[in-house]
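Colleague: Can you keep this structure in mind? I'll have questions shortly.
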Amino acid sequence: MPALCRDCLTQFDAGRRCPACASPRVVAHPELFALSIAHMDCDAFYASVEKRDNPSLRDKPVIIGGGRRGVVSTACYVARIRGVRSAMPMFQALKLCPDAVIIKPRMEAYVEASRAIRAMMEELTPDIEPLSLDEAFMDLSGTARLHGAPPAVMLARLTRRMRKELGLTGSIGLSHNKFLAKVASDLDKPHGFSVIGRADTQSFLRDKPVRLIWGVGPAAQAALEQAGIRSFADLLRWDRRDLAARFGSTGDRLWHLARGEDNRRVSAHAPMKSISNETTFHEDTADPELLDGHLWRMAEKVSDRAKAKDLSGRVVTLKLKRSDHSLLSRRISLRDATQLADTIYRSARGLFDQVGNEGPYRLLGCGLSDLQPAAEADRSGDLLDPAAVKRGQAERAADRIRARFGPDAILKGRSLR
């Protein structure tokens with residue numbers, strides 16, 4: 001069976017240790033050197049950057065996140081052993097790990113590290129599809145002749161370089177499609193390398209829970225369980241048409257994934273699906289003026305990002321989280337796509353007026369989706385609001401002034417609330 005030492009990159013027939021350096025860090029699989037779709041996921045990325053930059057944190061539990069009212073962005077593996085997880089409320093994380101070192105995110109440091117890793121990936125293949133700062137798909141098909149080594153060797157070389165040159169580790173999943181590559185990268189964290197081949201796809205998936213599927217969260221899992229679907233084996237018993245009839249396009253996708261089928265290409269230019277901004281309050285609040293001020297500032301931030309990327313969107317979303325962590329989400333489809341803060345704010349404010357008395361709230365968020373190029377945005381105006389065109393023109397003029405004199409050159413009164 002083909003095998004690879006992840007420390008010295010020696011290729012050999014399967015064994016428990018490398019014959020060249022005696023390292024036990026060996027990956028072996030019948031299809032090891034025939035697969036080319038990979039997913040690389042950095043290990044506890046934010047926390048790892050903090051520990052790299054501050055060695056005194058090395059053996060301590062580290063949580064990246066806000067104050068007691070916030071949520072965990074990520075946690076190191078020392079904290080994870082004690083039950084701390086990403087997106088967990090901070091107060092709950094501190095109950096599980098009271099001696100944790102809490103660090104506010106340093107995004108500039110994480111972006112810098114991410115760019116360095118991305119540069120290393122680009123030396124392997126141009127076909128890279130980033131999912132976030134710390135993970136990406138790679139398609140290394142056809143690169144063996146260029147590098148003089150199969151993709152598995154180049155991926156092991158990548159994580160070795162990351163460790164030596166950047167002081168960071170990552171876990172590799174290697175398979176024959178994106179779905180399975182992402183599943184594989186989670187199998188042996190941290191600093192893992194796992195392979196799912198074509199021949200063992202069905203046997204690997206059969207007894208796995210459906211929550212293994214990326215995108216199947218608690219709500220989707222509950223809906224599937226209501227239909228008696230808990231494992232991939234359960235999915236396999238369903239007819240394709242019945243799944244589609246019950247779950248729509250998601251049902252058809254599940255039918256294919258149950259068989260390990262995923263025809264999506266690794267795309268270096270995957271389109272952005274949404275733009276959003278949210279904040280968690282230090283104390284629950286139902287104060288309408290305070291919430292309105294936050295909503296305006298969020299609409300401005302969403303608008304600024306849309307304008308910077310020359311995008312617009314037809315769907316405005318409002319997100320609210322109550323003190324018991326239950327979520328409220330509302331959305332509205334606009335007649336025309338927009339990128340104007342005024343339109344985004346007024347749409348979100350209308351949604352808030354429908355549910356605003358159900359607080360107090362600990363989190364507020366605003367987003368824009370169904371994105372498209374901005375060329376045709378905000379063209380026809382609002383027949384029910386004749387002043388909308390003038391407000392839009394004023395906003396564009398304010399944008400030009402800010403671009404020339406700085407972001408604080410013009411402020412709206414509501415942004416000071």
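Ligands are numbered from 1 in the order shown, residues from 1 within each chain, and chains are lettered A, B, ... in the order they appear in the structure tokens.
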Write out as a VMD selection string all residues of range 151-389 of chain A that backbone DSSP assigns to strand (DSSP E or B).
Modeller: chain A and resid 170 to 175 193 to 195 209 231 274 to 285 311 to 322 327 to 338 361 to 373
Colleague: Near Ala220 in chain A, counting only C-alpha atoms, which residues have an atom at most 10 Å away, once you skip same-chain residues fewer than 6 positions from it, shown as an MDAnalysis selection string?
Modeller: chainID A and resid 210:211 226 247 250
Colleague: When you draw a straight line from CA of Trp214 in chain A to CA of Met138 in chain A, how long is it in Å?
Modeller: 17.1 Å
Colleague: Give me, as a PyMOL selection string, all polymer residues having an atom no more than 12 Å from Asp239 in chain A, counting only C-alpha atoms and skipping those fewer than 2 positions away in the same chain.
Modeller: chain A and resi 234-237+241-246+251-252+254-256+258
Colleague: With N, CA, C and O atoms retained, export the selected residues as a JSON list (two decimals), in the first residue's frame.
Modeller:
[["chain", "number", "residue", "atom", "x", "y", "z"],
["A", 234, "ASP", "N", -29.67, 5.90, 6.27],
["A", 234, "ASP", "CA", -31.08, 6.30, 6.19],
["A", 234, "ASP", "C", -31.35, 7.04, 4.89],
["A", 234, "ASP", "O", -32.39, 6.83, 4.24],
["A", 235, "LEU", "N", -30.44, 7.93, 4.51],
["A", 235, "LEU", "CA", -30.61, 8.68, 3.27],
["A", 235, "LEU", "C", -30.65, 7.76, 2.06],
["A", 235, "LEU", "O", -31.41, 7.98, 1.11],
["A", 236, "LEU", "N", -29.80, 6.74, 2.08],
["A", 236, "LEU", "CA", -29.72, 5.82, 0.94],
["A", 236, "LEU", "C", -31.03, 5.07, 0.71],
["A", 236, "LEU", "O", -31.28, 4.59, -0.41],
["A", 237, "ARG", "N", -31.86, 4.97, 1.74],
["A", 237, "ARG", "CA", -33.13, 4.26, 1.59],
["A", 237, "ARG", "C", -34.20, 5.10, 0.92],
["A", 237, "ARG", "O", -35.25, 4.60, 0.53],
["A", 241, "ARG", "N", -36.71, 11.22, -5.91],
["A", 241, "ARG", "CA", -37.87, 12.10, -6.10],
["A", 241, "ARG", "C", -38.56, 12.41, -4.77],
["A", 241, "ARG", "O", -39.06, 13.51, -4.57],
["A", 242, "ASP", "N", -38.59, 11.43, -3.87],
["A", 242, "ASP", "CA", -39.22, 11.66, -2.58],
["A", 242, "ASP", "C", -38.43, 12.66, -1.74],
["A", 242, "ASP", "O", -39.00, 13.52, -1.06],
["A", 243, "LEU", "N", -37.11, 12.55, -1.80],
["A", 243, "LEU", "CA", -36.28, 13.51, -1.07],
["A", 243, "LEU", "C", -36.48, 14.92, -1.61],
["A", 243, "LEU", "O", -36.59, 15.88, -0.84],
["A", 244, "ALA", "N", -36.50, 15.04, -2.94],
["A", 244, "ALA", "CA", -36.69, 16.35, -3.56],
["A", 244, "ALA", "C", -38.07, 16.91, -3.24],
["A", 244, "ALA", "O", -38.23, 18.12, -3.02],
["A", 245, "ALA", "N", -39.08, 16.05, -3.21],
["A", 245, "ALA", "CA", -40.44, 16.50, -2.91],
["A", 245, "ALA", "C", -40.54, 17.01, -1.47],
["A", 245, "ALA", "O", -41.25, 17.98, -1.19],
["A", 246, "ARG", "N", -39.81, 16.38, -0.56],
["A", 246, "ARG", "CA", -39.90, 16.77, 0.85],
["A", 246, "ARG", "C", -38.98, 17.94, 1.20],
["A", 246, "ARG", "O", -39.35, 18.82, 1.97],
["A", 251, "GLY", "N", -32.98, 18.34, -0.92],
["A", 251, "GLY", "CA", -33.19, 16.90, -0.98],
["A", 251, "GLY", "C", -32.42, 16.26, -2.11],
["A", 251, "GLY", "O", -31.84, 15.18, -1.95],
["A", 252, "ASP", "N", -32.39, 16.90, -3.27],
["A", 252, "ASP", "CA", -31.63, 16.37, -4.40],
["A", 252, "ASP", "C", -30.14, 16.36, -4.09],
["A", 252, "ASP", "O", -29.43, 15.41, -4.41],
["A", 254, "LEU", "N", -28.82, 16.13, -1.10],
["A", 254, "LEU", "CA", -28.58, 15.08, -0.12],
["A", 254, "LEU", "C", -28.53, 13.70, -0.77],
["A", 254, "LEU", "O", -27.75, 12.83, -0.35],
["A", 255, "TRP", "N", -29.36, 13.49, -1.79],
["A", 255, "TRP", "CA", -29.36, 12.20, -2.48],
["A", 255, "TRP", "C", -27.98, 11.92, -3.09],
["A", 255, "TRP", "O", -27.46, 10.80, -2.99],
["A", 256, "HIS", "N", -27.39, 12.94, -3.70],
["A", 256, "HIS", "CA", -26.06, 12.78, -4.29],
["A", 256, "HIS", "C", -24.98, 12.61, -3.22],
["A", 256, "HIS", "O", -24.10, 11.74, -3.34],
["A", 258, "ALA", "N", -25.25, 11.45, -0.25],
["A", 258, "ALA", "CA", -25.36, 10.14, 0.41],
["A", 258, "ALA", "C", -24.55, 9.10, -0.33],
["A", 258, "ALA", "O", -24.09, 8.10, 0.26]]
Colleague: Enter the distance from CA of Ala3 in chain A to CA of Val27 in chain A, in Å, rounded to one decimal.
Modeller: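 For CA of Ala3 in chain A relative to CA of Val27 in chain A, the distance reads 5.6 Å.
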Colleague: Show me, as a list of chain:residue names, the residues that have an atom within 10 Å of range 369-377 of chain A when counting only C-alpha atoms, minus same-chain residues fewer than 4 positions from it.
Modeller: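 What passes the distance filter is A:Pro271, A:Met272, A:Lys273, A:Ser274, A:Ile275, A:Ser276, A:Ala306, A:Lys307, A:Lys309, A:Asp310, A:Leu311, A:Ser312, A:Gly313, A:Arg314, A:Val315, A:Val316, A:Thr317, A:Arg331, A:Ser333, A:Asp336, A:Ala337, A:Thr338, A:Gln339, A:Leu340, A:Gly381.
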Colleague: For each of A:Lys178, A:His294, A:Lys104, A:Arg391, take the minimum atom-to-atom distance to Gly70 in chain A, counting only C-alpha atoms, then give the residue where this is smallest.
Modeller: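 Ranking A:Lys178, A:His294, A:Lys104, A:Arg391 by distance to Gly70 in chain A, first place goes to A:Lys104.
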Colleague: Using only C-alpha atoms, find the one residue out of A:Met154, A:Leu328, A:Leu224, A:Leu257 that sits nearest to Gln202 in chain A.
Modeller: A:Leu257
Colleague: Name the residues in contact with range 71-80 of chain A at a cut-off of 12 Å, using only C-alpha atoms, excluding same-chain residues fewer than 6 positions from it; report them as a PyMOL selection string.
Modeller: chain A and resi 42-52+57-65+86-107+134+189-191+279-282+325+362-363
Colleague: With N, CA and C atoms retained, export the selected residues as a short mmCIF file (atom, residue, chain, number, x, y, z; two decimals), in the first residue's frame.
Modeller:
data_model
loop_
_atom_site.label_atom_id
_atom_site.label_comp_id
_atom_site.auth_asym_id
_atom_site.auth_seq_id
_atom_site.Cartn_x
_atom_site.Cartn_y
_atom_site.Cartn_z
N CYS A 42 -6.55 25.23 8.80
CA CYS A 42 -5.60 25.55 9.85
C CYS A 42 -6.16 25.12 11.21
N ASP A 43 -5.28 24.75 12.10
CA ASP A 43 -5.69 24.24 13.42
C ASP A 43 -5.82 25.39 14.41
N ALA A 44 -7.08 25.62 14.90
CA ALA A 44 -7.34 26.68 15.89
C ALA A 44 -6.59 27.94 15.49
N PHE A 45 -6.87 28.44 14.30
CA PHE A 45 -6.01 29.42 13.63
C PHE A 45 -5.74 30.67 14.46
N TYR A 46 -6.79 31.38 14.89
CA TYR A 46 -6.57 32.62 15.65
C TYR A 46 -5.76 32.34 16.92
N ALA A 47 -6.15 31.31 17.65
CA ALA A 47 -5.44 30.98 18.89
C ALA A 47 -4.01 30.56 18.61
N SER A 48 -3.78 29.87 17.50
CA SER A 48 -2.42 29.44 17.16
C SER A 48 -1.53 30.63 16.82
N VAL A 49 -2.09 31.63 16.14
CA VAL A 49 -1.32 32.84 15.86
C VAL A 49 -0.95 33.54 17.16
N GLU A 50 -1.90 33.62 18.10
CA GLU A 50 -1.62 34.27 19.38
C GLU A 50 -0.54 33.52 20.16
N LYS A 51 -0.59 32.20 20.17
CA LYS A 51 0.43 31.42 20.89
C LYS A 51 1.79 31.52 20.21
N ARG A 52 1.78 31.60 18.88
CA ARG A 52 3.05 31.77 18.16
C ARG A 52 3.69 33.11 18.52
N LEU A 57 1.99 31.78 26.24
CA LEU A 57 0.64 31.21 26.19
C LEU A 57 0.64 29.75 25.77
N ARG A 58 1.78 29.22 25.45
CA ARG A 58 1.87 27.91 24.77
C ARG A 58 1.04 26.81 25.43
N ASP A 59 1.14 26.67 26.75
CA ASP A 59 0.46 25.56 27.44
C ASP A 59 -0.82 26.01 28.15
N LYS A 60 -1.26 27.23 27.88
CA LYS A 60 -2.43 27.76 28.56
C LYS A 60 -3.68 27.64 27.67
N PRO A 61 -4.85 27.52 28.31
CA PRO A 61 -6.10 27.56 27.51
C PRO A 61 -6.34 28.98 27.02
N VAL A 62 -6.49 29.14 25.73
CA VAL A 62 -6.67 30.46 25.12
C VAL A 62 -8.00 30.50 24.39
N ILE A 63 -8.76 31.55 24.64
CA ILE A 63 -10.03 31.77 23.96
C ILE A 63 -9.97 33.13 23.26
N ILE A 64 -10.28 33.12 21.97
CA ILE A 64 -10.35 34.36 21.22
C ILE A 64 -11.82 34.78 21.16
N GLY A 65 -12.10 36.00 21.63
CA GLY A 65 -13.49 36.45 21.63
C GLY A 65 -13.65 37.75 22.38
N SER A 86 -16.35 27.00 19.29
CA SER A 86 -16.63 28.22 18.55
C SER A 86 -18.12 28.53 18.60
N ALA A 87 -18.45 29.83 18.67
CA ALA A 87 -19.82 30.36 18.72
C ALA A 87 -20.51 30.12 20.06
N MET A 88 -19.81 29.53 21.01
CA MET A 88 -20.37 29.34 22.36
C MET A 88 -20.43 30.68 23.07
N PRO A 89 -21.51 30.99 23.81
CA PRO A 89 -21.54 32.22 24.60
C PRO A 89 -20.34 32.27 25.55
N MET A 90 -19.74 33.45 25.68
CA MET A 90 -18.52 33.58 26.48
C MET A 90 -18.72 33.19 27.94
N PHE A 91 -19.89 33.54 28.50
CA PHE A 91 -20.12 33.21 29.90
C PHE A 91 -20.11 31.69 30.11
N GLN A 92 -20.62 30.96 29.13
CA GLN A 92 -20.64 29.50 29.23
C GLN A 92 -19.22 28.93 29.09
N ALA A 93 -18.44 29.52 28.17
CA ALA A 93 -17.06 29.07 27.99
C ALA A 93 -16.24 29.28 29.26
N LEU A 94 -16.47 30.41 29.95
CA LEU A 94 -15.72 30.70 31.16
C LEU A 94 -16.13 29.80 32.33
N LYS A 95 -17.37 29.32 32.31
CA LYS A 95 -17.77 28.34 33.32
C LYS A 95 -17.02 27.02 33.12
N LEU A 96 -16.84 26.63 31.86
CA LEU A 96 -16.14 25.39 31.55
C LEU A 96 -14.63 25.52 31.74
N CYS A 97 -14.13 26.74 31.50
CA CYS A 97 -12.68 26.95 31.53
C CYS A 97 -12.38 28.29 32.20
N PRO A 98 -12.55 28.37 33.52
CA PRO A 98 -12.41 29.66 34.22
C PRO A 98 -11.01 30.25 34.18
N ASP A 99 -9.98 29.42 33.96
CA ASP A 99 -8.61 29.94 33.94
C ASP A 99 -8.14 30.30 32.54
N ALA A 100 -9.07 30.36 31.58
CA ALA A 100 -8.69 30.67 30.20
C ALA A 100 -8.16 32.09 30.08
N VAL A 101 -7.23 32.26 29.15
CA VAL A 101 -6.74 33.59 28.79
C VAL A 101 -7.61 34.09 27.65
N ILE A 102 -8.32 35.20 27.87
CA ILE A 102 -9.23 35.75 26.87
C ILE A 102 -8.49 36.83 26.07
N ILE A 103 -8.51 36.70 24.76
CA ILE A 103 -7.81 37.65 23.89
C ILE A 103 -8.78 38.18 22.85
N LYS A 104 -8.82 39.50 22.70
CA LYS A 104 -9.64 40.09 21.65
C LYS A 104 -8.99 39.80 20.29
N PRO A 105 -9.79 39.55 19.29
CA PRO A 105 -9.23 39.22 17.97
C PRO A 105 -8.33 40.33 17.44
N ARG A 106 -7.20 39.92 16.85
CA ARG A 106 -6.28 40.84 16.16
C ARG A 106 -6.33 40.50 14.67
N MET A 107 -7.32 41.00 13.99
CA MET A 107 -7.57 40.59 12.62
C MET A 107 -6.38 40.88 11.70
N ASP A 134 -8.71 30.85 7.19
CA ASP A 134 -7.93 29.71 7.65
C ASP A 134 -8.25 28.39 6.95
N LYS A 189 -7.75 15.95 13.37
CA LYS A 189 -7.21 17.23 13.86
C LYS A 189 -6.66 17.07 15.28
N PRO A 190 -5.65 17.90 15.64
CA PRO A 190 -4.93 18.86 14.80
C PRO A 190 -3.76 18.22 14.06
N HIS A 191 -3.25 18.95 13.07
CA HIS A 191 -2.06 18.56 12.30
C HIS A 191 -2.24 17.17 11.69
N THR A 279 -23.43 42.74 15.85
CA THR A 279 -22.76 43.07 17.10
C THR A 279 -23.47 42.40 18.26
N THR A 280 -22.69 42.02 19.29
CA THR A 280 -23.24 41.48 20.53
C THR A 280 -23.10 42.53 21.61
N PHE A 281 -24.19 42.85 22.29
CA PHE A 281 -24.19 43.90 23.30
C PHE A 281 -23.61 43.41 24.62
N HIS A 282 -23.01 44.34 25.37
CA HIS A 282 -22.49 43.99 26.69
C HIS A 282 -23.62 43.64 27.65
N HIS A 325 -30.84 33.27 23.86
CA HIS A 325 -30.09 32.80 22.68
C HIS A 325 -30.99 32.30 21.55
N ARG A 362 -29.68 40.54 22.80
CA ARG A 362 -28.25 40.52 23.08
C ARG A 362 -27.42 40.66 21.81
N LEU A 363 -28.06 40.45 20.65
CA LEU A 363 -27.33 40.56 19.38
C LEU A 363 -28.23 41.16 18.31
#
Colleague: Restricting the calculation to only C-alpha atoms, which member of A:Arg85, A:Arg297, A:Arg259, A:Arg265 is positioned closest to Ala341 in chain A?
Modeller: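 Ranked by minimum distance to Ala341 in chain A, first place goes to A:Arg297.
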Colleague: Please determine, counting only C-alpha atoms, which residue among A:Ile344, A:Val355, A:Ala156, A:Ala268 has the shortest atom-to-atom distance to Glu300 in chain A.
Modeller: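 Between A:Ile344, A:Val355, A:Ala156, A:Ala268, the residue approaching Glu300 in chain A most closely is A:Ile344.
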Colleague: Please list as number ranges by chain every residue within 10 Å of Ala152 in chain A, counting only C-alpha atoms and excluding residues in the same chain fewer than 4 positions away.
Modeller: A: 3-4, 6, 9, 27, 32-38, 140, 144, 156-158, 172-174, 193, 195
Colleague: Write out, as a PDB file, in the first residue's frame, the residues just selected, with C-alpha atoms.
Modeller:
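Everything below was put into part.pdb:
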ATOM      1  CA  ALA A   3       2.616   5.382   2.143  1.00  0.00           C
ATOM      2  CA  LEU A   4       4.175   8.777   2.826  1.00  0.00           C
ATOM      3  CA  ARG A   6       4.816  13.540   6.600  1.00  0.00           C
ATOM      4  CA  LEU A   9       8.410  13.119   2.678  1.00  0.00           C
ATOM      5  CA  VAL A  27      -0.224   8.386   5.987  1.00  0.00           C
ATOM      6  CA  LEU A  32      -2.892   8.049  -1.822  1.00  0.00           C
ATOM      7  CA  PHE A  33      -1.013   9.120  -4.951  1.00  0.00           C
ATOM      8  CA  ALA A  34      -4.039   9.099  -7.292  1.00  0.00           C
ATOM      9  CA  LEU A  35      -6.232  11.731  -5.577  1.00  0.00           C
ATOM     10  CA  SER A  36      -5.990  15.472  -6.190  1.00  0.00           C
ATOM     11  CA  ILE A  37      -8.855  17.384  -4.496  1.00  0.00           C
ATOM     12  CA  ALA A  38      -7.800  18.716  -1.097  1.00  0.00           C
ATOM     13  CA  LEU A 140      -3.937  19.780  -7.751  1.00  0.00           C
ATOM     14  CA  ALA A 144       2.454  16.054 -10.635  1.00  0.00           C
ATOM     15  CA  ALA A 156       2.536  17.279   3.140  1.00  0.00           C
ATOM     16  CA  ARG A 157       5.296  19.650   2.048  1.00  0.00           C
ATOM     17  CA  LEU A 158       2.872  22.575   2.406  1.00  0.00           C
ATOM     18  CA  ILE A 172      -5.276  18.077   5.195  1.00  0.00           C
ATOM     19  CA  GLY A 173      -8.227  16.184   3.738  1.00  0.00           C
ATOM     20  CA  LEU A 174      -7.528  14.482   0.393  1.00  0.00           C
ATOM     21  CA  PHE A 193      -3.736  14.146   7.056  1.00  0.00           C
ATOM     22  CA  VAL A 195      -7.690  10.292   2.866  1.00  0.00           C
TER      23      VAL A 195
END
Colleague: Excluding Ile196 in chain A and residues on its chain fewer than 2 positions from it, collect all residues at most 10 Å away from it, counting only C-alpha atoms, and give them as an NGL selection string.
Modeller: :A and (29-32 or 35 or 173-177 or 180-181 or 183-185 or 194 or 198-202 or 204-205)
Colleague: Could you write out, as a count of residues only, all the residues of range 100-324 of chain A that DSSP marks as helix (DSSP H, G or I)?
Modeller: 105
Colleague: From the options A:Ala109, A:Ile332, A:Tyr345, A:Val266, which residue's atoms come nearest to Leu295 in chain A, counting only C-alpha atoms?
Modeller: A:Tyr345
Colleague: Would you mind reading off the distance between CA of Met162 in chain A and CA of Arg17 in chain A, one decimal, in Å?
Modeller: 22.7 Å
